[in-house]
file model.csv (CSV, C-alpha atoms)
chain,number,residue,atom,x,y,z
A,36,MET,CA,31.6,-53.6,12.0
A,37,SER,CA,34.0,-50.7,12.4
A,38,GLN,CA,32.8,-47.2,13.0
A,39,GLY,CA,34.2,-44.2,11.3
A,40,VAL,CA,36.1,-41.6,13.2
A,41,PHE,CA,33.9,-38.6,14.0
A,42,GLN,CA,35.5,-35.5,12.6
A,43,PRO,CA,34.2,-32.3,14.3
A,44,VAL,CA,33.5,-29.4,12.0
A,45,GLY,CA,35.7,-26.4,12.9
A,46,GLN,CA,33.5,-23.9,11.1
A,47,LYS,CA,30.5,-21.8,12.1
A,48,ARG,CA,27.8,-22.6,9.6
A,49,LEU,CA,25.9,-19.6,8.4
A,50,THR,CA,22.4,-20.8,7.3
A,51,ASN,CA,19.2,-19.0,6.4
A,52,ILE,CA,21.1,-15.8,5.7
A,53,ALA,CA,20.5,-12.6,3.8
A,54,VAL,CA,23.7,-11.1,2.3
A,55,VAL,CA,24.2,-7.3,2.2
A,56,ARG,CA,27.0,-6.3,-0.2
A,57,MET,CA,28.9,-3.2,-0.8
A,58,LYS,CA,31.5,-2.6,-3.5
A,59,LYS,CA,33.9,0.3,-2.9
A,60,HIS,CA,37.3,1.2,-4.4
A,61,GLY,CA,37.3,-2.1,-6.3
A,62,LYS,CA,36.8,-4.2,-3.2
A,63,ARG,CA,33.8,-6.2,-2.2
A,64,PHE,CA,32.6,-6.4,1.4
A,65,GLU,CA,29.7,-8.5,2.6
A,66,ILE,CA,27.9,-9.1,5.9
A,67,ALA,CA,25.6,-12.0,6.9
A,68,CYS,CA,22.2,-11.0,8.2
A,69,TYR,CA,19.0,-12.8,9.2
A,70,LYS,CA,16.4,-12.9,6.5
A,71,ASN,CA,13.6,-10.3,6.7
A,72,LYS,CA,15.5,-8.3,9.3
A,73,VAL,CA,17.4,-6.0,7.0
A,74,VAL,CA,14.3,-4.3,5.7
A,75,ASN,CA,13.0,-4.0,9.3
A,76,TRP,CA,16.2,-2.3,10.4
A,77,ARG,CA,16.1,0.2,7.5
A,78,ASN,CA,12.5,1.0,8.2
A,79,GLY,CA,13.3,1.6,11.9
A,80,VAL,CA,11.1,-1.4,13.1
A,81,GLU,CA,14.1,-3.4,14.4
A,82,LYS,CA,16.4,-1.6,16.8
A,83,ASP,CA,18.6,-4.4,18.1
A,84,LEU,CA,21.6,-5.0,15.9
A,85,ASP,CA,22.1,-8.5,17.3
A,86,GLU,CA,18.7,-9.4,15.9
A,87,VAL,CA,19.9,-8.3,12.4
A,88,LEU,CA,23.5,-9.5,12.1
A,89,GLN,CA,24.4,-13.2,12.3
A,90,THR,CA,28.0,-12.1,13.1
A,91,THR,CA,29.8,-8.8,13.2
A,92,ALA,CA,32.5,-10.2,11.0
A,93,VAL,CA,33.0,-8.5,7.6
A,94,PHE,CA,33.5,-10.9,4.7
A,95,SER,CA,34.8,-10.5,1.2
A,96,ASN,CA,32.7,-13.6,0.3
A,97,VAL,CA,30.1,-14.8,2.7
A,98,SER,CA,29.2,-18.0,0.8
A,99,LYS,CA,32.9,-19.1,0.9
A,100,GLY,CA,33.5,-17.9,4.4
A,101,VAL,CA,36.4,-15.6,3.3
A,102,LEU,CA,36.9,-12.7,5.7
A,103,ALA,CA,37.8,-9.3,4.5
A,104,LYS,CA,41.5,-8.3,5.1
A,105,ARG,CA,42.3,-5.7,7.7
A,106,GLU,CA,44.3,-3.7,5.3
A,107,ASP,CA,41.3,-3.4,2.9
A,108,LEU,CA,39.1,-2.3,5.7
A,109,MET,CA,41.5,0.4,6.8
A,110,ALA,CA,42.0,1.6,3.2
A,111,VAL,CA,38.3,1.8,2.3
A,112,PHE,CA,36.6,2.6,5.6
A,113,GLY,CA,39.5,4.2,7.6
A,114,THR,CA,38.9,1.9,10.5
A,115,ASP,CA,39.0,-1.7,11.5
A,116,ASP,CA,36.1,-1.5,13.9
A,117,GLN,CA,34.0,-4.3,12.3
A,118,GLU,CA,30.8,-3.4,14.1
A,119,ALA,CA,30.9,0.2,12.8
A,120,ILE,CA,31.7,-1.1,9.3
A,121,CYS,CA,28.7,-3.5,9.5
A,122,LEU,CA,26.4,-0.6,10.4
A,123,ARG,CA,27.6,1.3,7.3
A,124,ILE,CA,27.2,-1.7,5.0
A,125,LEU,CA,23.8,-2.4,6.6
A,126,SER,CA,22.6,1.1,5.8
A,127,GLU,CA,24.2,1.7,2.4
A,128,GLY,CA,24.8,-1.8,1.0
A,129,GLU,CA,22.8,-3.7,-1.5
A,130,LEU,CA,20.6,-6.4,-0.2
A,131,GLN,CA,20.8,-9.7,-2.0
A,132,VAL,CA,17.4,-11.5,-2.1
A,133,SER,CA,16.3,-14.7,-3.6
A,134,ASP,CA,13.7,-15.0,-6.4
A,135,LYS,CA,11.0,-16.2,-4.0
A,136,GLU,CA,11.7,-13.3,-1.6
A,137,ARG,CA,11.6,-10.8,-4.5
A,138,LYS,CA,8.3,-12.2,-5.8
A,139,VAL,CA,6.8,-12.0,-2.3
A,140,GLU,CA,8.0,-8.4,-2.0
A,141,LEU,CA,6.6,-7.4,-5.5
A,142,ASP,CA,3.3,-9.2,-4.8
A,143,THR,CA,2.9,-7.3,-1.5
A,144,LEU,CA,3.7,-4.0,-3.1
A,145,PHE,CA,1.3,-4.7,-5.9
A,146,ARG,CA,-1.5,-5.3,-3.4
A,147,ASP,CA,-0.5,-2.2,-1.6
A,148,VAL,CA,-0.9,-0.2,-4.8
A,149,ALA,CA,-4.4,-1.7,-5.3
A,150,SER,CA,-5.2,-0.9,-1.6
A,151,VAL,CA,-4.3,2.7,-2.1
A,152,LEU,CA,-6.4,3.0,-5.2
A,153,SER,CA,-9.3,1.4,-3.3
A,154,GLU,CA,-9.0,3.9,-0.5
A,155,LYS,CA,-8.5,7.0,-2.6
A,156,CYS,CA,-10.6,6.3,-5.7
A,157,ILE,CA,-14.3,5.7,-6.5
A,158,ASN,CA,-16.6,4.7,-9.3
A,159,PRO,CA,-18.0,8.1,-10.3
A,160,GLU,CA,-21.3,6.5,-11.4
A,161,SER,CA,-22.0,5.1,-7.9
A,162,ASN,CA,-19.7,7.2,-5.8
A,163,ARG,CA,-18.5,4.1,-4.1
A,164,PRO,CA,-15.0,2.5,-4.0
A,165,TYR,CA,-13.9,-0.5,-5.9
A,166,THR,CA,-12.8,-3.6,-4.1
A,167,ILE,CA,-9.1,-4.4,-3.8
A,168,SER,CA,-9.4,-7.6,-5.8
A,169,MET,CA,-11.2,-5.9,-8.6
A,170,LEU,CA,-8.4,-3.3,-8.8
A,171,GLU,CA,-5.7,-6.0,-8.8
A,172,ARG,CA,-7.4,-7.6,-11.8
A,173,ALA,CA,-7.6,-4.3,-13.5
A,174,LEU,CA,-4.0,-3.5,-12.9
A,175,LYS,CA,-3.0,-6.9,-14.4
A,176,ASP,CA,-5.2,-6.2,-17.4
A,177,VAL,CA,-3.4,-2.9,-18.2
A,178,HIS,CA,0.0,-4.7,-17.6
A,179,PHE,CA,1.0,-2.4,-14.8
A,180,SER,CA,4.2,-3.5,-13.1
A,181,VAL,CA,5.4,-2.1,-9.7
A,182,ASP,CA,8.8,-0.6,-8.9
A,183,PRO,CA,10.2,-2.0,-5.6
A,184,LYS,CA,12.2,1.2,-5.0
A,185,ARG,CA,9.2,3.5,-5.1
A,186,PRO,CA,6.3,4.0,-2.6
A,187,ALA,CA,2.9,2.4,-3.3
A,188,LYS,CA,1.1,5.8,-3.2
A,189,ALA,CA,3.2,7.4,-5.9
A,190,GLN,CA,2.7,4.3,-8.1
A,191,ALA,CA,-1.0,4.2,-7.5
A,192,LEU,CA,-1.3,7.8,-8.8
A,193,GLU,CA,0.6,6.8,-11.9
A,194,ALA,CA,-1.6,3.8,-12.5
A,195,LEU,CA,-4.8,5.8,-12.3
A,196,PRO,CA,-4.7,7.2,-15.9
A,197,LEU,CA,-4.2,3.7,-17.2
A,198,LEU,CA,-7.2,2.4,-15.3
A,199,LYS,CA,-9.3,5.4,-16.5
A,200,SER,CA,-8.8,4.2,-20.1
A,201,ARG,CA,-10.5,0.9,-19.2
A,202,PHE,CA,-13.4,1.7,-16.9
A,203,PRO,CA,-14.9,4.7,-14.9
A,204,ILE,CA,-12.6,5.6,-11.9
A,205,GLU,CA,-11.5,8.8,-10.4
A,206,ARG,CA,-9.9,10.3,-7.3
A,207,ALA,CA,-12.4,10.6,-4.4
A,208,ARG,CA,-13.0,14.2,-3.3
A,209,MET,CA,-12.1,15.5,0.1
A,210,ARG,CA,-14.8,16.7,2.3
A,211,LEU,CA,-13.8,20.0,4.0
A,212,LYS,CA,-15.4,22.2,6.6
A,213,LEU,CA,-14.2,25.8,6.2
A,214,LEU,CA,-14.8,28.7,8.6
A,215,VAL,CA,-13.9,32.3,7.5
A,216,PRO,CA,-14.9,35.8,8.4
A,217,LEU,CA,-18.2,36.9,6.8
A,218,GLY,CA,-16.3,39.4,4.5
A,219,CYS,CA,-14.5,36.5,2.8
A,220,LYS,CA,-17.7,34.6,2.0
A,221,ASP,CA,-18.0,35.5,-1.7
A,222,GLU,CA,-14.3,35.0,-2.3
A,223,LEU,CA,-14.3,31.6,-0.7
A,224,LEU,CA,-17.4,30.4,-2.7
A,225,GLU,CA,-15.8,31.7,-5.9
A,226,LEU,CA,-12.6,29.8,-5.2
A,227,VAL,CA,-14.4,26.5,-4.5
A,228,ARG,CA,-16.7,26.7,-7.5
A,229,ALA,CA,-13.8,27.8,-9.8
A,230,GLN,CA,-12.1,24.5,-8.9
A,231,ASP,CA,-15.3,22.4,-9.6
A,232,GLY,CA,-15.9,22.0,-5.9
A,233,ALA,CA,-19.4,21.0,-4.7
A,234,VAL,CA,-21.0,22.9,-1.9
A,235,GLU,CA,-22.9,20.7,0.5
A,236,GLU,CA,-23.7,23.1,3.4
A,237,GLN,CA,-23.3,26.7,4.1
A,238,ASP,CA,-24.3,28.6,7.2
A,239,LEU,CA,-23.8,31.9,9.1
A,240,ILE,CA,-22.3,31.6,12.6
A,241,GLY,CA,-22.3,35.0,14.2
A,242,SER,CA,-19.8,37.1,12.2
A,243,SER,CA,-18.3,34.0,10.5
A,244,PHE,CA,-19.3,32.0,7.4
A,245,SER,CA,-19.2,28.2,7.5
A,246,LEU,CA,-19.0,26.0,4.4
A,247,VAL,CA,-18.9,22.2,4.0
A,248,CYS,CA,-17.7,21.3,0.5
A,249,LEU,CA,-16.2,18.5,-1.7
A,250,VAL,CA,-13.0,19.4,-3.5
A,251,GLU,CA,-10.3,17.6,-5.5
A,252,PRO,CA,-7.3,16.6,-3.4
A,253,GLY,CA,-5.1,18.6,-5.7
A,254,ILE,CA,-6.5,22.0,-4.7
A,255,PHE,CA,-6.3,21.4,-0.9
A,256,ARG,CA,-3.1,23.5,-0.7
A,257,SER,CA,-4.7,26.5,-2.4
A,258,VAL,CA,-7.7,26.3,-0.1
A,259,HIS,CA,-5.5,26.0,2.9
A,260,SER,CA,-3.4,29.0,1.7
A,261,PHE,CA,-6.6,31.1,1.2
A,262,ILE,CA,-7.8,30.3,4.7
A,263,GLN,CA,-4.4,31.4,6.2
A,264,THR,CA,-3.9,34.6,4.2
A,265,SER,CA,-7.4,36.0,3.4
A,266,SER,CA,-8.8,35.5,6.9
A,267,SER,CA,-5.8,37.0,8.7
A,268,GLY,CA,-5.4,33.9,10.8
A,269,SER,CA,-9.0,33.8,12.1
A,270,GLY,CA,-10.2,31.2,9.6
A,271,ARG,CA,-10.3,27.5,10.2
A,272,LEU,CA,-10.1,24.4,8.0
A,273,GLU,CA,-11.2,21.0,9.1
A,274,VAL,CA,-10.8,17.8,7.0
A,275,LEU,CA,-14.0,15.8,7.5
A,276,ALA,CA,-13.1,13.0,5.1
A,277,LEU,CA,-9.9,12.3,3.1
A,278,ALA,CA,-12.0,10.3,0.6
A,279,ALA,CA,-15.7,11.1,0.5
A,280,THR,CA,-17.8,8.1,-0.7
A,281,ALA,CA,-21.5,7.3,-0.7
A,282,GLU,CA,-22.6,5.2,2.3
A,283,LEU,CA,-24.4,2.0,1.7
A,284,PRO,CA,-28.1,2.3,2.5
A,285,GLU,CA,-29.1,0.2,5.5
A,286,GLU,CA,-31.5,-1.9,3.5
A,287,HIS,CA,-28.5,-3.0,1.4
A,288,ALA,CA,-26.2,-3.4,4.3
A,289,SER,CA,-28.4,-6.2,5.6
A,290,ARG,CA,-27.3,-8.2,2.6
A,291,ARG,CA,-23.9,-8.7,4.1
A,292,GLU,CA,-25.0,-11.5,6.4
A,293,ARG,CA,-26.3,-13.4,3.4
A,294,PHE,CA,-23.2,-12.8,1.4
A,295,ALA,CA,-21.1,-14.1,4.2
A,296,GLU,CA,-22.4,-17.6,3.4
A,297,LEU,CA,-20.2,-17.7,0.3
A,298,ASP,CA,-17.1,-17.3,2.4
A,299,ASP,CA,-18.2,-20.2,4.6
A,300,LEU,CA,-18.7,-22.4,1.5
A,301,GLN,CA,-15.6,-21.2,-0.4
A,302,PRO,CA,-13.3,-18.4,0.9
A,303,GLY,CA,-12.1,-15.7,-1.5
A,304,TRP,CA,-15.4,-14.4,-3.0
A,305,THR,CA,-15.7,-10.7,-3.6
A,306,VAL,CA,-18.7,-8.5,-4.3
A,307,GLU,CA,-19.1,-5.2,-6.1
A,308,LEU,CA,-22.2,-3.1,-5.6
A,309,ARG,CA,-23.3,-1.2,-8.8
A,310,SER,CA,-26.0,1.3,-9.2
A,311,ARG,CA,-28.4,0.8,-12.1
A,312,GLY,CA,-29.7,3.9,-13.9
A,313,GLU,CA,-31.0,7.0,-12.3
A,314,GLY,CA,-33.4,5.2,-10.0
A,315,GLY,CA,-30.7,4.3,-7.5
A,316,THR,CA,-31.3,0.5,-7.8
A,317,ILE,CA,-28.2,-1.3,-6.5
A,318,ASP,CA,-27.1,-4.7,-8.0
A,319,ALA,CA,-24.6,-7.0,-6.4
A,320,VAL,CA,-22.1,-8.5,-8.8
A,321,PHE,CA,-20.0,-11.4,-7.5
A,322,PHE,CA,-16.5,-12.5,-8.5
A,323,SER,CA,-15.2,-16.0,-7.8
A,324,PRO,CA,-11.8,-16.5,-5.9
A,325,ALA,CA,-10.3,-17.0,-9.4
A,326,GLY,CA,-11.5,-13.5,-10.4
A,327,GLU,CA,-14.3,-14.7,-12.7
A,328,CYS,CA,-17.4,-12.6,-12.8
A,329,VAL,CA,-20.4,-14.9,-12.1
A,330,GLY,CA,-23.1,-12.2,-11.8
A,331,ALA,CA,-25.9,-12.6,-9.3
A,332,PHE,CA,-25.8,-14.1,-5.8
A,333,ALA,CA,-27.7,-17.3,-6.9
A,334,ASN,CA,-25.0,-18.1,-9.5
A,335,ALA,CA,-22.3,-17.4,-7.0
A,336,ARG,CA,-23.9,-19.6,-4.3
A,337,ARG,CA,-24.4,-22.4,-6.8
A,338,GLN,CA,-20.7,-22.3,-7.8
A,339,ALA,CA,-19.4,-22.0,-4.2
A,340,LEU,CA,-21.6,-24.9,-3.1
A,341,LYS,CA,-20.3,-27.1,-5.9
A,342,ALA,CA,-16.7,-26.2,-5.0
A,343,SER,CA,-17.4,-27.0,-1.4
A,344,LYS,CA,-18.8,-30.4,-2.2
A,345,GLU,CA,-15.8,-31.2,-4.5
A,346,ALA,CA,-13.4,-30.2,-1.7
A,347,ALA,CA,-15.2,-32.4,0.8
A,348,ALA,CA,-15.2,-35.4,-1.6
A,349,ALA,CA,-11.4,-35.0,-2.1
call {"tool": "encode", "arguments": {"input": "model.csv", "output": "structure tokens"}}
result
Amino acid sequence: MSQGVFQPVGQKRLTNIAVVRMKKHGKRFEIACYKNKVVNWRNGVEKDLDEVLQTTAVFSNVSKGVLAKREDLMAVFGTDDQEAICLRILSEGELQVSDKERKVELDTLFRDVASVLSEKCINPESNRPYTISMLERALKDVHFSVDPKRPAKAQALEALPLLKSRFPIERARMRLKLLVPLGCKDELLELVRAQDGAVEEQDLIGSSFSLVCLVEPGIFRSVHSFIQTSSSGSGRLEVLALAATAELPEEHASRRERFAELDDLQPGWTVELRSRGEGGTIDAVFFSPAGECVGAFANARRQALKASKEAAAA
């Protein structure tokens, strides 16, 4: 049986690439990069150019392997130094991503928005934060879509009014400790109360007045400005907590060991602690990995145990 003649491939195959494209003066220029490295380079995480570029060659079409002409490079960039041109395209060009990569990026950003809301917002009825999974479900219910070109924090603040229309949620207050000369005491108290701030502690320390209060994040600058101007530089502002929330009582914190059993049976369960009425009774409401509210721990354990047995049988 005759064997075919082996024909060597005289091309360098570019696989697993991310293309960064720039169009300028009617010409198209592309560079071949490693996936996931372009974003790291732009964020300053990756410093080594060799870890970002698959080759320093500048293409007019990467997929077809067509190199850019030297005359075009000189006309558009004023140089034929391909590494310098690659750096410019890398920083200013448009990154071409696949549908799967785009979906992963959007999903990550969506979770980041929910995470910011969980960190900075509370349930005003219980003064406790919502879980990230609950906020993700709520964002989907109000049909909130993220913008990949904007930071998560800005989008979280935009989503807050939409969520307020569905359930009780508000920005958590900042806990500040203020120290001013005694002569500024009345003016400081008036400023805090005029902005619906809550005074937690106040004390006289020698010739100074100390105040611990809760204020809305939006008035932090006005309080800071007052401390700087009214106290002639002798005042002091200390941020005790960026988001003041109620701490879980120790008797309820002991429940966590029992709740951990659910994750052993079926990972992905979440729990929300809700206060009932004025008496301060706290109920635990459980949500399945699919986002379904199942209520009490007994119901959650029963469902998780059933799922565990089905998984073992399969």
call {"tool": "residues_around", "arguments": {"input": "model.csv", "residues": "Leu246 of chain A", "least_positions_apart": "4", "cutoff": "8 Å", "atoms": "all atoms listed in the file", "output": "PDB file with C-alpha atoms, keeping the file's coordinate frame"}}
result
ATOM      1  CA  LEU A 211     -13.800  20.000   4.000  1.00  0.00           C
ATOM      2  CA  LYS A 212     -15.400  22.200   6.600  1.00  0.00           C
ATOM      3  CA  LEU A 213     -14.200  25.800   6.200  1.00  0.00           C
ATOM      4  CA  LEU A 214     -14.800  28.700   8.600  1.00  0.00           C
ATOM      5  CA  VAL A 234     -21.000  22.900  -1.900  1.00  0.00           C
ATOM      6  CA  GLU A 235     -22.900  20.700   0.500  1.00  0.00           C
ATOM      7  CA  GLU A 236     -23.700  23.100   3.400  1.00  0.00           C
ATOM      8  CA  GLN A 237     -23.300  26.700   4.100  1.00  0.00           C
ATOM      9  CA  ASP A 238     -24.300  28.600   7.200  1.00  0.00           C
TER      10      ASP A 238
END
call {"tool": "atom_distance", "arguments": {"input": "model.csv", "atom1": "atom CA of Val87 of chain A", "atom2": "atom CA of Val55 of chain A"}}
result
11.1 Å
call {"tool": "residues_around", "arguments": {"input": "model.csv", "residues": "Arg63 of chain A", "least_positions_apart": "4", "cutoff": "10 Å", "atoms": "only C-alpha atoms", "output": "ChimeraX atom specification"}}
result
/A:56-59,94-96,103,107
call {"tool": "write_last_selection", "arguments": {"input": "model.csv", "atoms": "C-alpha atoms", "output": "PDB file, in the coordinates of the input"}}
result
ATOM      1  CA  ARG A  56      27.000  -6.300  -0.200  1.00  0.00           C
ATOM      2  CA  MET A  57      28.900  -3.200  -0.800  1.00  0.00           C
ATOM      3  CA  LYS A  58      31.500  -2.600  -3.500  1.00  0.00           C
ATOM      4  CA  LYS A  59      33.900   0.300  -2.900  1.00  0.00           C
ATOM      5  CA  PHE A  94      33.500 -10.900   4.700  1.00  0.00           C
ATOM      6  CA  SER A  95      34.800 -10.500   1.200  1.00  0.00           C
ATOM      7  CA  ASN A  96      32.700 -13.600   0.300  1.00  0.00           C
ATOM      8  CA  ALA A 103      37.800  -9.300   4.500  1.00  0.00           C
ATOM      9  CA  ASP A 107      41.300  -3.400   2.900  1.00  0.00           C
TER      10      ASP A 107
END
call {"tool": "closest_residue", "arguments": {"input": "model.csv", "among": "A:Ala187, A:Leu84, A:Ala325, A:Leu226", "to": "Arg172 of chain A", "atoms": "all atoms listed in the file"}}
result
A:Ala325
call {"tool": "closest_residue", "arguments": {"input": "model.csv", "among": "A:Leu108, A:Thr264, A:Arg210, A:Glu273", "to": "Cys248 of chain A", "atoms": "all atoms listed in the file"}}
result
A:Arg210
call {"tool": "atom_distance", "arguments": {"input": "model.csv", "atom1": "atom CA of Asn71 of chain A", "atom2": "atom CA of Thr114 of chain A"}}
result
28.3 Å
call {"tool": "atom_distance", "arguments": {"input": "model.csv", "atom1": "atom CA of Pro216 of chain A", "atom2": "atom CA of Ser242 of chain A"}}
result
6.3 Å
call {"tool": "residues_around", "arguments": {"input": "model.csv", "residues": "segment 222-225 of chain A", "least_positions_apart": "2", "cutoff": "10 Å", "atoms": "all atoms listed in the file", "output": "ChimeraX atom specification"}}
result
/A:213-215,217-220,227-230,232-234,237,244,246,248,258,261-262,265
call {"tool": "closest_residue", "arguments": {"input": "model.csv", "among": "A:Ser343, A:Lys99, A:Ile204, A:Ser257", "to": "Ser161 of chain A", "atoms": "all atoms listed in the file"}}
result
A:Ile204
call {"tool": "residues_around", "arguments": {"input": "model.csv", "residues": "segment 125-133 of chain A", "least_positions_apart": "6", "cutoff": "12 Å", "atoms": "only C-alpha atoms", "output": "number ranges by chain"}}
result
A: 51-59, 63-79, 84, 87-88, 91, 93, 97, 117-119, 139-140
call {"tool": "residues_around", "arguments": {"input": "model.csv", "residues": "Glu205 of chain A", "least_positions_apart": "5", "cutoff": "8 Å", "atoms": "all atoms listed in the file", "output": "list in words"}}
result
Cys156, Ile157, Asn158, Pro159, Leu195 and Lys199 of chain A
